[in-house]
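J.: Next up, target.cif (mmCIF, C-alpha atoms).
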data_target
#
loop_
_atom_site.group_PDB
_atom_site.id
_atom_site.type_symbol
_atom_site.label_atom_id
_atom_site.label_comp_id
_atom_site.auth_asym_id
_atom_site.auth_seq_id
_atom_site.Cartn_x
_atom_site.Cartn_y
_atom_site.Cartn_z
ATOM 1 C CA MET A 239 -147.093 -17.984 -55.918
ATOM 2 C CA GLU A 240 -150.855 -18.028 -55.662
ATOM 3 C CA SER A 241 -153.304 -18.526 -58.491
ATOM 4 C CA LEU A 242 -154.785 -15.497 -60.246
ATOM 5 C CA GLU A 243 -158.149 -16.241 -58.586
ATOM 6 C CA ASP A 244 -156.489 -16.092 -55.140
ATOM 7 C CA ILE A 245 -154.843 -12.799 -56.072
ATOM 8 C CA VAL A 246 -158.210 -11.340 -57.190
ATOM 9 C CA ILE A 247 -159.650 -12.213 -53.776
ATOM 10 C CA ARG A 248 -156.639 -10.875 -51.842
ATOM 11 C CA PHE A 249 -156.608 -7.581 -53.750
ATOM 12 C CA ASP A 250 -160.426 -7.303 -53.529
ATOM 13 C CA ILE A 251 -160.760 -6.643 -57.271
ATOM 14 C CA ASN A 252 -164.085 -5.304 -58.515
ATOM 15 C CA PRO A 253 -165.854 -8.225 -60.284
ATOM 16 C CA GLU A 254 -166.438 -5.991 -63.330
ATOM 17 C CA HIS A 255 -162.689 -5.357 -63.666
ATOM 18 C CA SER A 256 -159.976 -7.592 -65.073
ATOM 19 C CA LEU A 257 -156.638 -8.462 -63.495
ATOM 20 C CA LYS A 258 -153.733 -9.607 -65.637
ATOM 21 C CA GLN A 259 -150.234 -10.637 -64.675
ATOM 22 C CA GLN A 260 -147.646 -8.388 -66.339
ATOM 23 C CA ASN A 261 -144.469 -10.176 -65.350
ATOM 24 C CA HIS A 262 -143.039 -12.761 -62.994
ATOM 25 C CA SER A 263 -139.458 -13.015 -61.801
ATOM 26 C CA HIS A 264 -137.607 -15.304 -59.445
ATOM 27 C CA VAL A 265 -134.002 -15.049 -58.350
ATOM 28 C CA GLU A 266 -131.810 -16.834 -55.832
ATOM 29 C CA LYS A 267 -129.296 -14.636 -54.055
ATOM 30 C CA ASP A 268 -127.460 -14.975 -50.742
ATOM 31 C CA GLN A 269 -129.224 -18.287 -49.939
ATOM 32 C CA THR A 270 -132.683 -16.703 -50.349
ATOM 33 C CA HIS A 271 -135.271 -17.325 -53.059
ATOM 34 C CA TYR A 272 -136.990 -14.094 -54.198
ATOM 35 C CA GLU A 273 -140.164 -14.205 -56.282
ATOM 36 C CA THR A 274 -142.045 -11.138 -57.552
ATOM 37 C CA CYS A 275 -145.156 -10.718 -59.718
ATOM 38 C CA TRP A 276 -146.651 -7.532 -61.133
ATOM 39 C CA TYR A 277 -150.334 -7.249 -62.039
ATOM 40 C CA VAL A 278 -152.490 -4.604 -63.695
ATOM 41 C CA GLU A 279 -156.185 -4.024 -62.954
ATOM 42 C CA GLN A 280 -158.342 -2.582 -65.742
ATOM 43 C CA ASP A 281 -161.955 -1.459 -65.767
ATOM 44 C CA ASP A 282 -164.502 -2.568 -68.364
ATOM 45 C CA GLN A 283 -163.255 0.170 -70.733
ATOM 46 C CA LYS A 284 -159.645 -1.132 -70.496
ATOM 47 C CA ARG A 285 -158.466 1.856 -68.417
ATOM 48 C CA VAL A 286 -155.792 1.050 -65.818
ATOM 49 C CA VAL A 287 -157.320 1.282 -62.347
ATOM 50 C CA ALA A 288 -154.365 0.061 -60.281
ATOM 51 C CA ARG A 289 -151.106 -1.874 -60.390
ATOM 52 C CA TYR A 290 -150.046 -4.480 -57.853
ATOM 53 C CA ARG A 291 -146.797 -6.060 -56.762
ATOM 54 C CA SER A 292 -146.852 -9.369 -54.919
ATOM 55 C CA TRP A 293 -143.702 -10.990 -53.557
ATOM 56 C CA SER A 294 -142.298 -13.784 -51.445
ATOM 57 C CA ASN A 295 -138.807 -14.195 -50.026
ATOM 58 C CA GLN A 296 -137.838 -17.601 -48.637
ATOM 59 C CA ALA A 297 -134.532 -18.233 -46.834
ATOM 60 C CA LYS A 298 -132.878 -21.515 -47.791
ATOM 61 C CA LEU A 299 -130.889 -21.753 -44.559
ATOM 62 C CA PRO A 300 -132.122 -22.123 -40.964
ATOM 63 C CA PRO A 301 -134.302 -20.668 -39.546
ATOM 64 C CA TYR A 302 -135.904 -20.666 -43.056
ATOM 65 C CA ARG A 303 -137.738 -17.386 -42.531
ATOM 66 C CA ALA A 304 -140.228 -16.273 -45.144
ATOM 67 C CA GLN A 305 -141.683 -12.894 -46.058
ATOM 68 C CA LEU A 306 -144.869 -12.456 -48.073
ATOM 69 C CA GLY A 307 -146.251 -9.144 -49.194
ATOM 70 C CA TRP A 308 -148.186 -7.096 -51.687
ATOM 71 C CA GLU A 309 -148.608 -3.460 -52.637
ATOM 72 C CA ARG A 310 -151.317 -1.549 -54.497
ATOM 73 C CA TYR A 311 -150.310 1.442 -56.642
ATOM 74 C CA SER A 312 -152.376 4.113 -58.369
ATOM 75 C CA PRO A 313 -152.112 4.321 -62.179
ATOM 76 C CA GLU A 314 -149.676 7.218 -61.604
ATOM 77 C CA GLY A 315 -147.426 5.070 -59.392
ATOM 78 C CA THR A 316 -148.379 6.299 -55.915
ATOM 79 C CA LEU A 317 -148.282 3.593 -53.227
ATOM 80 C CA LEU A 318 -151.830 3.238 -51.874
ATOM 81 C CA GLU A 319 -151.730 0.143 -49.689
ATOM 82 C CA ARG A 320 -149.158 -2.348 -48.423
ATOM 83 C CA GLU A 321 -149.231 -5.586 -46.465
ATOM 84 C CA VAL A 322 -146.219 -7.620 -45.327
ATOM 85 C CA ARG A 323 -146.250 -10.873 -43.376
ATOM 86 C CA TYR A 324 -143.329 -12.710 -41.819
ATOM 87 C CA SER A 325 -143.137 -16.363 -40.895
ATOM 88 C CA LYS A 326 -142.689 -17.324 -37.284
ATOM 89 C CA ARG A 327 -141.742 -20.459 -35.463
ATOM 90 C CA ASP A 328 -144.586 -22.836 -34.639
ATOM 91 C CA THR A 329 -143.241 -23.359 -31.113
ATOM 92 C CA ASN A 330 -140.635 -21.882 -28.844
ATOM 93 C CA ASP A 331 -138.735 -25.187 -28.761
ATOM 94 C CA THR A 332 -135.099 -24.778 -29.745
ATOM 95 C CA LEU A 333 -132.101 -27.039 -29.931
ATOM 96 C CA HIS A 334 -129.129 -26.201 -27.723
#
Kindly return the structure encoded in the file as structure tokens.
T.:
Amino acid sequence: MESLEDIVIRFDINPEHSLKQQNHSHVEKDQTHYETCWYVEQDDQKRVVARYRSWSNQAKLPPYRAQLGWERYSPEGTLLEREVRYSKRDTNDTLH
């Protein structure tokens, strides 16, 4: 996973706020490695502003596809924003 500084940039955290990692899990299941991190953003008065989930899924078998994503939630748990990216082949070359 990325560093906390990279996460602050990706989530566009207000410089006056703090971002702390709440938990981090990684599991291997069905030949895929799953990694998930939860973060909490607080303002200068320690009030929760938002919660974030960041994840990556990496297949361990060909074609080794990967999925990266993150979500922003309100303090009440409403999904506010989501981004998901999928890996793709560098070229269209294939073996037959």
J.: For the PyMOL selection byres ((chain A and resi 287) around 9), applied here, can you spell out every residue it catches as a PyMOL selection string?
T.: chain A and resi 255+278-281+284-286+288-289+312-313
J.: Applied to the shown file, which residues does the PyMOL selection byres ((chain A and resi 274) around 8) return, written as an MDAnalysis selection string?
T.: chainID A and resid 262:264 272:273 275:276 291:294
J.: Skipping near chain neighbours, those fewer than 6 positions away, what residues fall within 9 Å of Leu306 (chain A) using all atoms listed in the file, listed as a ChimeraX atom specification?
T.: /A:292-296,321-325
J.: Give the answer as one residue: which of A:Ser256, A:Asp268, A:Phe249, A:Asp244 has the shortest atom-to-atom distance to Leu299 (chain A), using all atoms listed in the file?
T.: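 Among the listed residues, A:Asp268 lies closest to Leu299 (chain A).
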J.: I need every residue sitting at most 8 Å from the point (-132.9, -21.0, -52.4) (coordinates as in the file, only C-alpha atoms considered), written as JSON, numbers by chain.
T.: {"A": [266, 267, 269, 270, 271, 296, 297, 298]}
J.: Could you write those residues out with C-alpha atoms, as a PDB file, keeping the file's coordinate frame?
T.:
ATOM      1  CA  GLU A 266    -131.810 -16.834 -55.832  1.00  0.00           C
ATOM      2  CA  LYS A 267    -129.296 -14.636 -54.055  1.00  0.00           C
ATOM      3  CA  GLN A 269    -129.224 -18.287 -49.939  1.00  0.00           C
ATOM      4  CA  THR A 270    -132.683 -16.703 -50.349  1.00  0.00           C
ATOM      5  CA  HIS A 271    -135.271 -17.325 -53.059  1.00  0.00           C
ATOM      6  CA  GLN A 296    -137.838 -17.601 -48.637  1.00  0.00           C
ATOM      7  CA  ALA A 297    -134.532 -18.233 -46.834  1.00  0.00           C
ATOM      8  CA  LYS A 298    -132.878 -21.515 -47.791  1.00  0.00           C
TER       9      LYS A 298
END
J.: Between CA of Arg310 (chain A) and CA of Ile251 (chain A), what is the distance in Å, rounded to a tenth?
T.: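 Value for the CA of Arg310 (chain A)-CA of Ile251 (chain A) distance: 11.1 Å.
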J.: Taking all atoms listed in the file into account, name the residue in A:Glu243, A:Glu314, A:Glu309, A:Arg303 that is nearest to Lys326 (chain A).
T.: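 Of the candidates, the smallest distance to Lys326 (chain A) is held by A:Arg303.
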J.: Which value, in Å to one decimal, gives the distance between CA of Tyr277 (chain A) and CA of Tyr290 (chain A)?
T.: 5.0 Å
J.: So how far away is CA of Pro301 (chain A) from CA of Leu242 (chain A), in Å?
T.: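 A separation of 29.6 Å between them.
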